[in-house]
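K.L.:
mmCIF, C-alpha atoms, file start.cif:
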```
data_work
#
loop_
_atom_site.label_atom_id
_atom_site.label_comp_id
_atom_site.auth_asym_id
_atom_site.auth_seq_id
_atom_site.Cartn_x
_atom_site.Cartn_y
_atom_site.Cartn_z
CA MET A 19 -1.21 -12.28 -0.75
CA GLU A 20 -0.34 -11.06 -4.24
CA ALA A 21 -3.19 -9.66 -6.34
CA HIS A 22 -2.29 -11.32 -9.65
CA PRO A 23 0.06 -14.13 -10.69
CA SER A 24 3.45 -12.63 -11.48
CA LYS A 25 5.53 -15.79 -11.85
CA PRO A 26 4.67 -19.34 -12.98
CA ASN A 27 5.40 -20.73 -9.52
CA GLY A 28 1.92 -21.96 -8.66
CA ARG A 29 1.54 -19.57 -5.71
CA ARG A 30 -2.09 -18.81 -4.88
CA THR A 31 -3.10 -15.19 -5.43
CA LEU A 32 -6.20 -13.12 -4.77
CA TRP A 33 -7.17 -13.64 -8.41
CA HIS A 34 -7.07 -17.43 -7.96
CA GLU A 35 -9.16 -17.28 -4.79
CA LEU A 36 -11.75 -15.03 -6.42
CA ARG A 37 -12.06 -17.35 -9.38
CA ASP A 38 -12.92 -20.17 -6.96
CA ILE A 39 -15.43 -18.05 -5.05
CA LEU A 40 -17.07 -16.75 -8.26
CA ALA A 41 -16.97 -20.05 -10.18
CA PHE A 42 -20.75 -19.98 -10.81
CA GLU A 43 -20.64 -16.44 -12.24
CA ILE A 44 -17.65 -17.28 -14.44
CA ALA A 45 -19.36 -20.41 -15.76
CA ASN A 46 -22.25 -18.18 -16.81
CA GLY A 47 -20.18 -15.65 -18.74
CA GLY A 48 -18.67 -13.59 -15.94
CA GLN A 49 -15.04 -12.79 -15.26
CA VAL A 50 -12.77 -11.59 -12.46
CA SER A 51 -11.13 -8.18 -12.83
CA ILE A 52 -9.28 -6.57 -9.91
CA ILE A 53 -9.69 -2.82 -10.38
CA ASN A 54 -7.26 -1.52 -7.75
CA ARG A 55 -4.25 -3.61 -6.83
CA LEU A 56 -2.63 -3.53 -3.41
CA ASP A 57 0.98 -4.34 -2.58
CA ARG A 58 1.24 -7.83 -1.16
CA GLU A 59 1.79 -6.61 2.43
CA THR A 60 -0.89 -3.91 2.28
CA SER A 61 -4.26 -4.85 3.75
CA GLY A 62 -7.71 -3.45 3.07
CA LEU A 63 -10.21 -2.85 0.32
CA THR A 64 -9.93 -4.10 -3.23
CA LEU A 65 -12.61 -3.37 -5.82
CA VAL A 66 -13.47 -6.35 -8.03
CA ALA A 67 -15.62 -6.41 -11.17
CA LYS A 68 -17.50 -9.61 -12.01
CA SER A 69 -18.31 -8.83 -15.65
CA HIS A 70 -16.59 -7.38 -18.71
CA ALA A 71 -18.96 -4.38 -18.76
CA ALA A 72 -18.35 -3.57 -15.09
CA ALA A 73 -14.59 -3.93 -15.52
CA ARG A 74 -14.59 -1.58 -18.51
CA THR A 75 -16.69 0.99 -16.65
CA PHE A 76 -14.59 1.03 -13.51
CA HIS A 77 -11.26 0.98 -15.34
CA GLN A 78 -12.42 4.09 -17.21
CA ILE A 79 -13.45 5.73 -13.94
CA MET A 80 -10.07 4.83 -12.46
CA GLU A 81 -8.23 6.35 -15.44
CA GLN A 82 -10.26 9.55 -14.97
CA ARG A 83 -9.34 9.57 -11.25
CA GLY A 84 -12.97 9.08 -10.32
CA ILE A 85 -12.23 6.60 -7.53
CA GLU A 86 -11.15 8.33 -4.33
CA LYS A 87 -8.94 6.21 -2.08
CA GLU A 88 -8.07 6.57 1.57
CA TYR A 89 -5.32 4.67 3.34
CA LEU A 90 -4.25 4.50 6.96
CA ALA A 91 -0.54 4.28 7.70
CA LEU A 92 1.35 3.78 10.95
CA VAL A 93 4.55 5.81 10.66
CA TRP A 94 7.73 6.42 12.60
CA GLY A 95 7.95 9.76 14.43
CA TRP A 96 5.57 12.70 14.81
CA PRO A 97 4.98 14.75 11.64
CA ILE A 98 5.29 18.48 12.32
CA HIS A 99 2.13 19.42 10.45
CA ASP A 100 -1.37 18.03 11.03
CA GLU A 101 -2.09 18.18 7.29
CA PHE A 102 0.36 18.31 4.40
CA THR A 103 0.70 17.42 0.73
CA ILE A 104 3.70 15.80 -0.93
CA GLU A 105 4.25 16.22 -4.66
CA VAL A 106 7.39 14.31 -5.58
CA PRO A 107 7.72 12.71 -9.06
CA LEU A 108 8.55 9.00 -8.94
CA LEU A 109 10.48 6.59 -11.14
CA HIS A 110 12.32 3.29 -10.82
CA GLN A 111 15.70 3.69 -9.17
CA ARG A 112 17.15 1.31 -11.76
CA ASP A 113 16.46 3.88 -14.50
CA VAL A 114 18.85 6.51 -13.14
CA GLU A 115 21.33 4.97 -10.69
CA PRO A 116 22.75 1.69 -9.37
CA PHE A 117 20.16 -0.37 -7.55
CA ARG A 118 19.86 -3.36 -5.24
CA ILE A 119 16.09 -3.85 -5.45
CA TYR A 120 14.58 -4.07 -8.93
CA LEU A 121 11.15 -2.65 -8.02
CA LYS A 122 12.32 0.20 -5.80
CA GLN A 123 10.93 3.64 -6.61
CA ILE A 124 12.62 6.95 -5.77
CA GLY A 125 11.75 10.63 -5.95
CA HIS A 126 13.32 12.14 -9.06
CA PRO A 127 12.59 15.25 -11.17
CA ASP A 128 12.43 13.11 -14.32
CA GLY A 129 9.78 10.85 -12.83
CA ALA A 130 6.01 10.71 -13.29
CA LEU A 131 3.84 13.20 -11.39
CA ALA A 132 2.80 11.86 -7.99
CA SER A 133 0.76 13.71 -5.39
CA THR A 134 -0.53 12.59 -1.98
CA ARG A 135 -2.39 14.52 0.72
CA PHE A 136 -1.86 13.45 4.34
CA LYS A 137 -3.74 14.09 7.58
CA VAL A 138 -2.36 13.08 10.98
CA GLU A 139 -5.06 11.21 12.91
CA ARG A 140 -3.13 10.56 16.11
CA ARG A 141 0.33 10.83 17.64
CA PHE A 142 1.36 8.47 20.43
CA SER A 143 4.35 7.07 22.27
CA LYS A 144 5.26 3.44 22.71
CA ALA A 145 8.62 2.12 23.83
CA THR A 146 10.21 -0.20 21.28
CA SER A 147 13.70 -1.39 20.45
CA ASN A 148 13.92 1.18 17.67
CA GLY A 149 12.18 4.36 18.86
CA ASP A 150 9.15 5.48 20.83
CA GLN A 151 7.24 8.05 18.74
CA PHE A 152 4.62 6.97 16.22
CA ALA A 153 1.67 8.45 14.35
CA ILE A 154 -1.39 7.23 12.51
CA VAL A 155 -1.72 9.11 9.23
CA ARG A 156 -4.65 9.11 6.80
CA CYS A 157 -3.41 9.21 3.19
CA PHE A 158 -5.29 10.50 0.14
CA PRO A 159 -3.38 9.65 -3.07
CA LYS A 160 -4.33 11.96 -5.94
CA THR A 161 -2.36 9.83 -8.40
CA GLY A 162 -1.76 6.09 -8.44
CA ARG A 163 1.95 5.50 -8.87
CA MET A 164 3.60 2.30 -7.72
CA HIS A 165 4.54 2.44 -3.99
CA GLN A 166 3.50 6.11 -3.99
CA ILE A 167 2.38 6.48 -0.37
CA ARG A 168 5.34 4.49 0.92
CA VAL A 169 7.89 6.56 -1.01
CA HIS A 170 6.28 9.91 -0.17
CA LEU A 171 6.20 9.20 3.56
CA SER A 172 9.80 8.01 3.45
CA GLU A 173 10.83 11.16 1.56
CA TYR A 174 9.06 13.24 4.24
CA GLY A 175 11.10 11.55 6.96
CA HIS A 176 8.32 9.41 8.41
CA PRO A 177 8.50 5.97 6.77
CA ILE A 178 5.83 3.36 7.38
CA VAL A 179 6.51 0.97 10.25
CA GLY A 180 7.46 -2.48 8.96
CA ASP A 181 8.34 -1.28 5.46
CA LYS A 182 11.24 -3.46 4.35
CA ILE A 183 12.18 -1.35 1.31
CA TYR A 184 11.46 2.26 2.28
CA GLY A 185 11.92 1.93 6.04
CA PRO A 186 15.15 2.17 8.05
CA ASP A 187 17.28 0.18 5.58
CA GLU A 188 16.50 -1.40 2.20
CA GLY A 189 18.83 -4.20 3.26
CA CYS A 190 15.97 -5.43 5.45
CA TYR A 191 14.13 -6.47 2.30
CA LEU A 192 17.11 -8.36 0.92
CA GLU A 193 17.68 -10.00 4.29
CA PHE A 194 14.02 -11.01 4.52
CA ILE A 195 14.16 -12.64 1.08
CA GLU A 196 17.22 -14.60 2.21
CA THR A 197 16.21 -15.60 5.75
CA GLY A 198 12.52 -14.89 6.27
CA TRP A 199 11.29 -13.06 9.36
CA THR A 200 13.85 -13.10 12.19
CA ASP A 201 14.33 -11.54 15.62
CA ALA A 202 16.98 -9.24 14.15
CA LEU A 203 14.49 -7.91 11.59
CA ALA A 204 11.84 -7.56 14.29
CA ARG A 205 14.11 -5.27 16.29
CA ARG A 206 14.60 -2.98 13.27
CA LEU A 207 11.16 -3.11 11.65
CA ILE A 208 8.92 -3.82 14.71
CA LEU A 209 6.09 -5.25 12.57
CA PRO A 210 6.41 -8.16 10.13
CA ARG A 211 4.65 -6.28 7.33
CA GLN A 212 4.27 -2.68 6.24
CA ALA A 213 1.59 -0.97 8.36
CA LEU A 214 -0.46 0.33 5.43
CA HIS A 215 -4.19 -0.30 5.09
CA SER A 216 -6.64 0.56 2.30
CA ALA A 217 -9.37 2.04 4.50
CA ALA A 218 -11.93 3.54 2.10
CA LEU A 219 -12.97 3.66 -1.55
CA HIS A 220 -15.46 6.21 -2.90
CA VAL A 221 -16.95 6.12 -6.40
CA ALA A 222 -19.00 9.29 -6.71
CA ALA A 223 -20.30 8.51 -10.22
CA HIS A 224 -22.12 5.43 -8.88
CA ALA A 225 -22.79 6.64 -5.32
CA LEU A 226 -20.65 3.81 -3.95
CA SER A 227 -18.63 4.04 -0.76
CA PHE A 228 -16.79 1.26 1.07
CA LYS A 229 -14.91 1.40 4.36
CA SER A 230 -12.67 -1.02 6.26
CA PRO A 231 -11.35 -0.49 9.82
CA LEU A 232 -7.77 -1.21 10.78
CA PRO A 233 -7.16 -4.97 10.81
CA GLU A 234 -6.43 -6.79 14.04
CA ASP A 235 -2.66 -7.01 13.65
CA LEU A 236 -2.30 -3.22 13.46
CA ALA A 237 -5.14 -2.26 15.81
CA SER A 238 -3.92 -4.57 18.58
CA TRP A 239 -0.31 -3.32 18.32
CA ILE A 240 -1.46 0.27 18.62
CA LYS A 241 -3.82 -0.55 21.48
CA GLU A 242 -1.06 -2.28 23.44
#
```
Would you mind writing the file's structure down as structure tokens?
P.N.:
Amino acid sequence: MEAHPSKPNGRRTLWHELRDILAFEIANGGQVSIINRLDRETSGLTLVAKSHAAARTFHQIMEQRGIEKEYLALVWGWPIHDEFTIEVPLLHQRDVEPFRIYLKQIGHPDGALASTRFKVERRFSKATSNGDQFAIVRCFPKTGRMHQIRVHLSEYGHPIVGDKIYGPDEGCYLEFIETGWTDALARRLILPRQALHSAALHVAAHALSFKSPLPEDLASWIKE
């Protein structure tokens, strides 16, 4: 589900659903502000403010990098190091070279600073049509660039399972837009969505901490 409306197509978004849930608060002067957006296929925690004052406060904290985020990613292959940091500047591919996907980001020296720390939680083997080595990696983004974790893991040689843009072939994304999910895509991507989950949010200034375990679709695939 998309966080905010991006096109006037009437598609329901998280913002629409929250406005329904919080109708009483809105009628009494409240509002809905999504503080941290997730990509449509990324699951997990989203921080929502229900008043203008709260939104202003948490947006300021976010700008000052006062909200610590943790993600869990299921990746292809076994990273060599148990802990590592990737600092690769990011920008839109369309700004520097021919592109097929308008939103695609790439590592480029002219891009904006982007830094992510990674910690391997587990390595395991599972026979699939497209490889048998996988790892669960905890990700700590120090900056908040678009698609940052996905690009950094792909640059490191361990893309996220199910990632249609930064996985084995960006053509998977174009094919998915054209045909929807198919058996051919399943053989290449294994999972129907990118295996990335927003697992924890920490706001030290307000002594707030939220956690979310892996959702059923990812946990059951790993368990099998």
K.L.:
In Å, with one decimal, what is the gap from CA of Ala213 (chain A) to CA of Gly185 (chain A)?
P.N.:
11.0 Å
K.L.:
Contacts of Glu59 (chain A) at 12 Å or less, counting only C-alpha atoms, minus same-chain residues fewer than 3 places along, as a PyMOL selection string?
P.N.:
chain A and resi 19-21+55-56+62+165+168+178-183+209-216
K.L.:
(-14.2, -14.0, -12.5) in this file's frame - what residues fall within 8 Å of it? Use all atoms listed in the file and give the answer as a PyMOL selection string.
P.N.:
chain A and resi 36-37+40-41+43-44+48-51+67-69
K.L.:
Rounded to one decimal place, report the CA of Glu86 (chain A)-CA of Leu219 (chain A) distance in Å.
P.N.:
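A separation of 5.7 Å between them.
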K.L.:
Just so the selection is clear, what residues does the PyMOL selection byres ((chain A and resi 100) around 6) cover here, as a ChimeraX atom specification?
P.N.:
/A:99,101,137-138
K.L.:
Hey, can you check how far CA of Phe228 (chain A) sits from CA of Val66 (chain A)?
P.N.:
12.3 Å
K.L.:
Please check which residues have atoms at most 6 Å from (0.1, 12.2, -1.1) in the file's coordinates, counting all atoms listed in the file, and write them as an NGL selection string.
P.N.:
:A and (103-104 or 133-136 or 158-159)
